[in-house]
Each structure stands twice: as C-alpha cells, then as structure tokens.
$ cat model_0.pdb   # PDB, C-alpha atoms and all ligand atoms
ATOM      1  CA  MET W   1      12.853  51.594  43.933
ATOM      2  CA  LEU W   2      12.145  48.371  42.040
ATOM      3  CA  ILE W   3       8.920  46.924  40.646
ATOM      4  CA  ASP W   4       8.006  43.254  40.317
ATOM      5  CA  THR W   5       5.799  43.376  37.219
ATOM      6  CA  HIS W   6       4.646  39.753  37.519
ATOM      7  CA  THR W   7       4.003  37.880  40.765
ATOM      8  CA  HIS W   8       1.306  35.427  41.836
ATOM      9  CA  LEU W   9       1.606  36.477  45.481
ATOM     10  CA  TYR W  10      -2.052  35.528  46.033
ATOM     11  CA  SER W  11      -1.067  31.861  45.441
ATOM     12  CA  SER W  12      -1.682  29.500  48.365
ATOM     13  CA  LYS W  13       2.110  28.967  48.439
ATOM     14  CA  PHE W  14       2.226  32.253  50.351
ATOM     15  CA  ASP W  15      -0.633  31.581  52.785
ATOM     16  CA  GLU W  16       1.755  31.031  55.714
ATOM     17  CA  ASP W  17       3.830  34.200  55.402
ATOM     18  CA  ARG W  18       2.347  36.624  52.862
ATOM     19  CA  GLU W  19       2.618  39.639  55.180
ATOM     20  CA  THR W  20       6.281  38.905  55.944
ATOM     21  CA  VAL W  21       7.005  38.582  52.236
ATOM     22  CA  ILE W  22       5.481  42.010  51.589
ATOM     23  CA  SER W  23       7.455  43.679  54.370
ATOM     24  CA  ASP W  24      10.651  41.947  53.124
ATOM     25  CA  CYS W  25       9.928  43.255  49.633
ATOM     26  CA  ILE W  26       9.554  46.814  50.858
ATOM     27  CA  ALA W  27      12.738  46.452  52.968
ATOM     28  CA  ASN W  28      14.536  45.349  49.766
ATOM     29  CA  GLY W  29      13.232  48.339  47.776
ATOM     30  CA  VAL W  30      10.660  46.321  45.835
ATOM     31  CA  THR W  31       7.746  48.635  46.494
ATOM     32  CA  LYS W  32       5.204  47.720  43.834
ATOM     33  CA  LEU W  33       3.938  44.243  42.958
ATOM     34  CA  LEU W  34       1.830  43.607  39.864
ATOM     35  CA  LEU W  35      -0.523  40.630  40.054
ATOM     36  CA  PRO W  36      -1.486  38.783  36.841
ATOM     37  CA  ASN W  37      -4.626  36.706  37.166
ATOM     38  CA  ILE W  38      -4.848  32.983  36.261
ATOM     39  CA  ASP W  39      -8.590  32.298  35.896
ATOM     40  CA  SER W  40     -11.953  32.539  37.690
ATOM     41  CA  ASN W  41     -10.624  30.407  40.556
ATOM     42  CA  SER W  42      -7.892  32.905  41.459
ATOM     43  CA  THR W  43      -9.742  36.214  41.011
ATOM     44  CA  GLU W  44     -11.117  36.381  44.541
ATOM     45  CA  ALA W  45      -7.778  35.795  46.285
ATOM     46  CA  MET W  46      -6.021  38.231  43.963
ATOM     47  CA  LEU W  47      -8.541  41.023  44.553
ATOM     48  CA  ALA W  48      -8.544  40.437  48.314
ATOM     49  CA  LEU W  49      -4.765  40.919  48.332
ATOM     50  CA  ALA W  50      -4.995  44.047  46.174
ATOM     51  CA  ASP W  51      -7.653  45.466  48.508
ATOM     52  CA  LYS W  52      -5.497  44.802  51.542
ATOM     53  CA  TYR W  53      -2.394  46.514  50.096
ATOM     54  CA  PRO W  54      -3.750  49.063  47.602
ATOM     55  CA  SER W  55      -0.503  51.059  47.328
ATOM     56  CA  VAL W  56       1.663  47.937  46.840
ATOM     57  CA  CYS W  57      -0.390  45.309  44.951
ATOM     58  CA  TYR W  58      -2.003  46.064  41.586
ATOM     59  CA  PRO W  59      -4.254  43.457  39.923
ATOM     60  CA  MET W  60      -4.527  42.486  36.253
ATOM     61  CA  MET W  61      -7.498  40.645  34.793
ATOM     62  CA  GLY W  62      -7.258  37.842  32.265
ATOM     63  CA  ILE W  63      -7.131  34.112  31.632
ATOM     64  CA  HIS W  64      -3.894  32.116  31.578
ATOM     65  CA  PRO W  65      -3.763  30.015  28.382
ATOM     66  CA  CYS W  66      -3.428  26.787  30.406
ATOM     67  CA  SER W  67      -6.884  27.465  31.873
ATOM     68  CA  ILE W  68      -8.465  27.499  28.413
ATOM     69  CA  ASN W  69     -10.106  24.497  26.766
ATOM     70  CA  ASN W  70     -13.380  23.845  24.973
ATOM     71  CA  ASP W  71     -15.189  23.178  28.262
ATOM     72  CA  THR W  72     -13.947  26.263  30.129
ATOM     73  CA  ILE W  73     -13.580  28.943  27.498
ATOM     74  CA  GLU W  74     -17.126  30.298  27.547
ATOM     75  CA  LYS W  75     -17.338  30.583  31.330
ATOM     76  CA  GLU W  76     -13.829  32.024  31.678
ATOM     77  CA  LEU W  77     -14.295  34.665  28.995
ATOM     78  CA  ALA W  78     -17.613  35.730  30.520
ATOM     79  CA  HIS W  79     -15.992  36.002  33.955
ATOM     80  CA  THR W  80     -13.060  38.068  32.685
ATOM     81  CA  LYS W  81     -15.304  40.343  30.645
ATOM     82  CA  GLU W  82     -17.577  40.982  33.604
ATOM     83  CA  TYR W  83     -14.663  42.118  35.784
ATOM     84  CA  LEU W  84     -12.801  44.060  33.086
ATOM     85  CA  PHE W  85     -15.883  46.100  32.250
ATOM     86  CA  SER W  86     -16.911  46.664  35.880
ATOM     87  CA  ASN W  87     -15.987  49.684  38.023
ATOM     88  CA  ARG W  88     -12.994  47.827  39.370
ATOM     89  CA  LYS W  89      -9.626  49.182  38.201
ATOM     90  CA  PHE W  90      -7.126  46.804  36.581
ATOM     91  CA  ILE W  91      -3.667  47.823  35.397
ATOM     92  CA  ALA W  92      -3.497  45.323  32.517
ATOM     93  CA  VAL W  93      -5.160  42.411  30.760
ATOM     94  CA  GLY W  94      -3.142  39.388  31.833
ATOM     95  CA  GLU W  95      -1.879  36.955  31.850
ATOM     96  CA  ILE W  96      -2.994  35.918  28.403
ATOM     97  CA  GLY W  97      -1.308  34.153  25.500
ATOM     98  CA  ILE W  98      -0.546  30.698  24.168
ATOM     99  CA  ASP W  99       1.086  27.709  25.889
ATOM    100  CA  LEU W 100       1.777  24.597  23.808
ATOM    101  CA  HIS W 101       4.000  22.880  26.366
ATOM    102  CA  TRP W 102       1.228  21.045  28.197
ATOM    103  CA  ASP W 103      -1.565  20.640  25.661
ATOM    104  CA  LYS W 104      -1.539  21.278  21.922
ATOM    105  CA  THR W 105      -5.144  20.150  21.414
ATOM    106  CA  THR W 106      -6.471  23.389  22.905
ATOM    107  CA  LEU W 107      -4.625  25.651  20.447
ATOM    108  CA  ASP W 108      -7.725  26.881  18.610
ATOM    109  CA  ALA W 109      -9.473  27.764  21.868
ATOM    110  CA  GLN W 110      -6.312  29.451  23.181
ATOM    111  CA  ILE W 111      -6.009  31.592  20.058
ATOM    112  CA  PHE W 112      -9.680  32.574  20.240
ATOM    113  CA  ALA W 113      -9.395  33.626  23.907
ATOM    114  CA  PHE W 114      -6.099  35.450  23.307
ATOM    115  CA  LYS W 115      -7.580  37.473  20.443
ATOM    116  CA  GLN W 116     -10.751  38.278  22.360
ATOM    117  CA  GLN W 117      -8.782  39.545  25.361
ATOM    118  CA  ILE W 118      -6.526  41.682  23.143
ATOM    119  CA  GLU W 119      -9.649  43.297  21.687
ATOM    120  CA  TRP W 120     -10.885  44.080  25.202
ATOM    121  CA  ALA W 121      -7.484  45.551  26.114
ATOM    122  CA  LYS W 122      -7.731  47.819  23.084
ATOM    123  CA  GLU W 123     -11.258  48.893  24.022
ATOM    124  CA  LEU W 124     -10.174  49.683  27.583
ATOM    125  CA  ASN W 125      -6.793  51.133  26.627
ATOM    126  CA  LEU W 126      -4.941  48.660  28.849
ATOM    127  CA  PRO W 127      -1.565  46.991  28.262
ATOM    128  CA  ILE W 128      -1.426  43.191  27.913
ATOM    129  CA  ALA W 129       0.825  40.744  29.786
ATOM    130  CA  ILE W 130       1.624  37.881  27.419
ATOM    131  CA  HIS W 131       2.529  34.327  28.417
ATOM    132  CA  ALA W 132       4.334  32.490  25.595
ATOM    133  CA  ARG W 133       5.555  28.943  26.024
ATOM    134  CA  GLU W 134       6.717  26.971  23.009
ATOM    135  CA  ALA W 135       4.405  29.215  21.020
ATOM    136  CA  PHE W 136       6.330  32.227  19.674
ATOM    137  CA  ASN W 137       5.204  31.636  16.088
ATOM    138  CA  GLU W 138       1.548  31.330  17.094
ATOM    139  CA  ILE W 139       1.803  34.452  19.308
ATOM    140  CA  PHE W 140       3.477  36.419  16.513
ATOM    141  CA  GLU W 141       0.769  35.392  14.053
ATOM    142  CA  VAL W 142      -1.878  36.893  16.352
ATOM    143  CA  LEU W 143       0.113  40.050  17.125
ATOM    144  CA  ASP W 144       1.079  40.602  13.474
ATOM    145  CA  GLU W 145      -2.659  40.728  12.814
ATOM    146  CA  LEU W 146      -3.872  42.709  15.837
ATOM    147  CA  ASN W 147      -1.017  45.051  16.760
ATOM    148  CA  ASP W 148      -1.675  48.752  16.231
ATOM    149  CA  ASP W 149      -0.239  52.088  17.380
ATOM    150  CA  ASN W 150      -2.093  51.969  20.700
ATOM    151  CA  LEU W 151      -1.515  48.366  21.736
ATOM    152  CA  ASN W 152       1.261  47.872  24.274
ATOM    153  CA  GLY W 153       2.327  45.346  26.876
ATOM    154  CA  VAL W 154       4.980  42.914  27.962
ATOM    155  CA  LEU W 155       6.176  39.507  26.802
ATOM    156  CA  HIS W 156       6.433  38.111  30.315
ATOM    157  CA  CYS W 157       9.274  35.791  31.379
ATOM    158  CA  PHE W 158      11.072  36.276  28.107
ATOM    159  CA  THR W 159      13.492  33.417  27.333
ATOM    160  CA  GLY W 160      13.618  33.542  23.540
ATOM    161  CA  ASN W 161      16.414  34.301  21.087
ATOM    162  CA  VAL W 162      17.659  37.633  19.663
ATOM    163  CA  GLU W 163      15.427  37.412  16.615
ATOM    164  CA  GLN W 164      12.336  36.821  18.760
ATOM    165  CA  ALA W 165      13.306  39.675  21.108
ATOM    166  CA  LYS W 166      13.638  42.048  18.168
ATOM    167  CA  HIS W 167      10.356  40.873  16.668
ATOM    168  CA  ILE W 168       8.565  41.837  19.904
ATOM    169  CA  ILE W 169      10.380  45.170  20.246
ATOM    170  CA  ASN W 170       9.558  46.032  16.640
ATOM    171  CA  TYR W 171       5.836  45.988  17.419
ATOM    172  CA  GLY W 172       6.589  49.357  19.012
ATOM    173  CA  GLY W 173       4.742  49.172  22.331
ATOM    174  CA  PHE W 174       6.173  46.038  23.922
ATOM    175  CA  LYS W 175       8.749  45.382  26.646
ATOM    176  CA  LEU W 176      10.489  42.141  27.577
ATOM    177  CA  GLY W 177       9.853  40.901  31.134
ATOM    178  CA  ILE W 178      13.131  39.558  32.543
ATOM    179  CA  GLY W 179      13.048  37.143  35.476
ATOM    180  CA  GLY W 180      15.122  34.579  37.360
ATOM    181  CA  VAL W 181      16.078  32.625  34.222
ATOM    182  CA  VAL W 182      18.649  35.351  33.459
ATOM    183  CA  THR W 183      20.604  34.248  36.555
ATOM    184  CA  PHE W 184      20.691  30.554  35.561
ATOM    185  CA  LYS W 185      24.064  29.169  34.630
ATOM    186  CA  ASN W 186      23.968  28.133  30.954
ATOM    187  CA  GLY W 187      20.555  29.807  30.607
ATOM    188  CA  GLY W 188      21.866  31.714  27.582
ATOM    189  CA  LEU W 189      19.627  34.738  28.157
ATOM    190  CA  ASP W 190      22.648  36.925  29.015
ATOM    191  CA  LYS W 191      23.996  36.437  25.485
ATOM    192  CA  VAL W 192      20.636  37.416  23.993
ATOM    193  CA  LEU W 193      20.503  40.566  26.147
ATOM    194  CA  ASN W 194      23.961  41.574  24.901
ATOM    195  CA  GLU W 195      22.120  42.447  21.676
ATOM    196  CA  ILE W 196      19.139  44.173  23.303
ATOM    197  CA  GLU W 197      19.144  47.630  24.885
ATOM    198  CA  LEU W 198      18.189  48.007  28.539
ATOM    199  CA  LYS W 199      15.435  50.457  27.621
ATOM    200  CA  HIS W 200      13.325  47.527  26.379
ATOM    201  CA  LEU W 201      13.297  45.615  29.692
ATOM    202  CA  ILE W 202      11.196  45.403  32.839
ATOM    203  CA  LEU W 203      11.775  43.159  35.867
ATOM    204  CA  GLU W 204       9.628  40.335  37.190
ATOM    205  CA  THR W 205       9.801  37.189  39.300
ATOM    206  CA  ASP W 206       6.781  35.070  38.200
ATOM    207  CA  ALA W 207       6.719  34.034  41.877
ATOM    208  CA  PRO W 208       6.250  31.411  43.209
ATOM    209  CA  TYR W 209       7.957  29.912  40.116
ATOM    210  CA  LEU W 210      11.461  30.273  38.595
ATOM    211  CA  ALA W 211      13.452  31.517  41.590
ATOM    212  CA  PRO W 212      16.787  33.117  40.664
ATOM    213  CA  THR W 213      20.171  31.697  41.664
ATOM    214  CA  PRO W 214      21.008  30.924  44.539
ATOM    215  CA  HIS W 215      17.366  30.088  45.358
ATOM    216  CA  ARG W 216      16.803  28.066  42.171
ATOM    217  CA  GLY W 217      14.288  25.254  42.681
ATOM    218  CA  LYS W 218      12.815  26.824  45.826
ATOM    219  CA  ARG W 219       9.793  29.101  46.160
ATOM    220  CA  ASN W 220      10.356  32.349  44.298
ATOM    221  CA  SER W 221       9.378  35.660  45.837
ATOM    222  CA  SER W 222       9.413  39.341  44.873
ATOM    223  CA  GLN W 223      12.127  40.218  47.379
ATOM    224  CA  TYR W 224      14.553  38.472  44.994
ATOM    225  CA  ILE W 225      14.050  41.150  42.328
ATOM    226  CA  PRO W 226      17.414  42.778  43.284
ATOM    227  CA  LEU W 227      19.178  39.467  42.376
ATOM    228  CA  ILE W 228      17.762  39.767  38.860
ATOM    229  CA  GLY W 229      18.758  43.450  38.799
ATOM    230  CA  ASP W 230      22.307  42.579  39.925
ATOM    231  CA  LYS W 231      22.679  40.115  37.046
ATOM    232  CA  LEU W 232      21.454  42.762  34.581
ATOM    233  CA  ALA W 233      23.956  45.230  36.063
ATOM    234  CA  ASP W 234      26.683  42.665  35.202
ATOM    235  CA  ILE W 235      25.383  42.234  31.674
ATOM    236  CA  TYR W 236      25.018  45.971  30.969
ATOM    237  CA  GLY W 237      28.162  47.035  32.842
ATOM    238  CA  CYS W 238      26.350  49.378  35.223
ATOM    239  CA  THR W 239      25.041  49.430  38.807
ATOM    240  CA  LEU W 240      21.847  48.085  40.387
ATOM    241  CA  PRO W 241      20.551  51.673  40.885
ATOM    242  CA  ASP W 242      21.049  52.269  37.140
ATOM    243  CA  ILE W 243      19.021  49.120  36.374
ATOM    244  CA  ALA W 244      16.346  50.164  38.887
ATOM    245  CA  LYS W 245      16.064  53.624  37.376
ATOM    246  CA  VAL W 246      15.467  52.435  33.791
ATOM    247  CA  THR W 247      13.297  49.375  34.471
ATOM    248  CA  THR W 248      11.140  51.151  37.061
ATOM    249  CA  LYS W 249      10.539  54.051  34.688
ATOM    250  CA  ASN W 250       9.596  51.557  31.962
ATOM    251  CA  ALA W 251       7.151  49.751  34.263
ATOM    252  CA  ILE W 252       5.575  53.001  35.502
ATOM    253  CA  GLU W 253       5.034  54.223  31.944
ATOM    254  CA  LEU W 254       3.759  50.902  30.579
ATOM    255  CA  PHE W 255       1.277  50.213  33.388
ATOM    256  CA  GLY W 256       0.357  53.820  34.148
ATOM    257  CA  LEU W 257       1.335  53.451  37.804
TER     258      LEU W 257
HETATM  259 ZN    ZN E 301       2.601  34.115  35.598
END

$ encode --input "model_0.pdb" --output "structure tokens"
Amino acid sequence: MLIDTHTHLYSSKFDEDRETVISDCIANGVTKLLLPNIDSNSTEAMLALADKYPSVCYPMMGIHPCSINNDTIEKELAHTKEYLFSNRKFIAVGEIGIDLHWDKTTLDAQIFAFKQQIEWAKELNLPIAIHAREAFNEIFEVLDELNDDNLNGVLHCFTGNVEQAKHIINYGGFKLGIGGVVTFKNGGLDKVLNEIELKHLILETDAPYLAPTPHRGKRNSSQYIPLIGDKLADIYGCTLPDIAKVTTKNAIELFGL
C-alpha cells in the first residue's frame, strides 16, 4: 500500500477522467490520496471530491503562497479560518509557505499568512504541508521562531540540499515529501538522499505537476507513485515493498490516517 501525500486531483486537468485515475491508483496500490488546497477558488471542488471518495481522498485546508497578496490576504485568511474551525474534518493545514519564484513583492503578506496558518495548525493540533520555492531561508526564519514540540508536518516537494534537509529534520516533527524530481536525470536529489535516512521521507506526486520519468513534461498523476518508490528503492538498496512499508507508516502517523 502506497500513499500520495500531495495531489491536486480536484484540478480541472482531471475533469475528463478523474474516476479512471482513481481506479488506476487503487489498481497500482496507491490507496490514499491527500489533497492540499490552493485557495478559496479550489475549496469547493476539493471538498466535492473528498465527499465522493471519503475512504480514498482526504482534504487539507490552507492557502498556497502564490494566492497571497495585499488584495487577497484578508479574504483568503477569513475563508480558510472559517473552514478550519468548522465541523468539517481536515487532515492538515496546507498547502502553506513562501514562494519567491514568481513574485517577491508579496513577501511580507506571504510571511504573515504563513505564520497565521501555523498558529491555527497548532490550535487544532494539525500537521502543516509546506510549499517552499526559492525561499528556504525565509521559511526557516519563520519555523525557527514558531516550531515547538507539538508542531509537525512535511516540507512538500523537497528539492533542497543536504544542509537544508537536515535543518528541516532537526525541527523534530517534519518529514521530507519526495516526488517526481527524484527520478529526473541530473536532478541531484539522489545524492542528497544518500545522506538522509529513509525514515524521514514520505511520497507525493504534486499532480498534475512534475511527472516522474518517463512521463516528464506530461500530466502527473498519483498512479505514478510506484515510479518514485522504485527510484528510492534504487537509492536505498532495497525493494519497492520496503519503501512502501516505511513511507506509508510515516504518512499514516504524520496525518493521523
Ligand atoms: Zn501542491
């Protein structure tokens, strides 16, 4: 049994064949799909999918950093708060974080929203799914300040260096989410993982983005999780079932599945 800890399966990219994708996932042993939210525009589609497949799809609630700017922040935070503190069950606060690839002018707003959502995660005892793009230092500054014994989560789509991996692991409650990038030729992530124990990892696709080799450049989908597991089996000198056993246990414990 494998778990995709990060897929945007509610994306319109799957409107034509979402049911087929889910049955292909289950046929490939990928039996649980965790859905990070993007913003108030995606909540409805995400929750509809979770309601349709309650034993397969598990929703998170949060605001992607690229959806944060001075005009949106108030509305988005109010929306996320309303859902997080409703009767609806979410398995994590996500995806949240900082992204400086597209727009550096929104950094202050991104930091404010990131901190606020971490505080809510603490209040609700939920893990956080962190998106970090060209922003490790900024993310670490926030976590150095707010991390405590109860905070846990995942640095999703981890593609950093050994030092950054260790920094995250040293917080105590955090895993690294490993996706299709690990299969890319010259990606370099395999060399980083040589220094990191398997017990710190969980699997993810970030579908529909970042499809693993040999599907690179095409639509990504959770049924490719075994391709990521196969690559990790190469790196750690073990079998796919060994990878499944450890990463699935990690995901179950982290998200309380
Ligand atoms: Zn994502």

$ closest_residue --input "model_0.pdb" --among "W:Glu195, W:Asp4, W:Asp71, W:Asp190" --to "ligand ZN 301 (chain E)" --atoms "only C-alpha atoms and all ligand atoms"
W:Asp4

$ atom_distance --input "model_0.pdb" --atom1 "atom CA of Asn28 of chain W" --atom2 "atom CA of Pro226 of chain W"
7.5 Å

$ resolve_selection --input "model_0.pdb" --expression "the PyMOL selection byres (((chain W and resi 124) around 12) and not hetatm)" --output "count of residues only"
24

$ residues_near_ligand --input "model_0.pdb" --ligand "ligand ZN 301 (chain E)" --cutoff "8 Å" --atoms "only C-alpha atoms and all ligand atoms" --output "PyMOL selection string"
chain W and resi 6-8+36-38+64+95+131+156+206-207

$ residues_around --input "model_0.pdb" --residues "Leu227 of chain W" --least-positions-apart "5" --cutoff "8 Å" --atoms "only C-alpha atoms" --output "ChimeraX atom specification"
/W:183,212-213

$ resolve_selection --input "model_0.pdb" --expression "the PyMOL selection byres (((chain W and resi 236) around 12) and not hetatm)" --output "PyMOL selection string"
chain W and resi 190-199+201+229-235+237-240+242-243+246

$ atom_distance --input "model_0.pdb" --atom1 "atom CA of Ala113 of chain W" --atom2 "atom CA of Ser40 of chain W"
14.1 Å

$ resolve_selection --input "model_0.pdb" --expression "the PyMOL selection byres (((chain W and resi 134-137) around 9) and not hetatm)" --output "JSON, numbers by chain"
{"W": [97, 98, 99, 100, 101, 132, 133, 138, 139, 140, 141, 142, 160, 164]}

$ axis_aligned_box --input "model_0.pdb" --around "segment 91-97 of chain W" --padding-each-side "6 Å" --output "AutoDock Vina command-line options"
--center_x -3.2 --center_y 41.0 --center_z 30.4 --size_x 15.9 --size_y 25.7 --size_z 21.9

$ closest_residue --input "model_0.pdb" --among "W:Cys25, W:Leu34, W:Ile130, W:Leu47" --to "Ile252 of chain W" --atoms "all atoms listed in the file"
W:Leu34

$ atom_distance --input "model_0.pdb" --atom1 "atom CA of Leu254 of chain W" --atom2 "atom CA of Phe14 of chain W"
27.2 Å

$ closest_residue --input "model_0.pdb" --among "W:Leu176, W:Gly62, W:Ile202, W:Lys185" --to "Glu82 of chain W" --atoms "all atoms listed in the file"
W:Gly62

$ closest_residue --input "model_0.pdb" --among "W:Val30, W:Tyr10, W:Glu16, W:Pro208" --to "Thr43 of chain W" --atoms "only C-alpha atoms"
W:Tyr10

$ closest_residue --input "model_0.pdb" --among "W:Met1, W:Met60, W:Ala78, W:Ala129" --to "Pro241 of chain W" --atoms "only C-alpha atoms"
W:Met1

$ closest_residue --input "model_0.pdb" --among "W:Asn152, W:Asp144, W:Lys52, W:Arg216" --to "His167 of chain W" --atoms "all atoms listed in the file"
W:Asp144
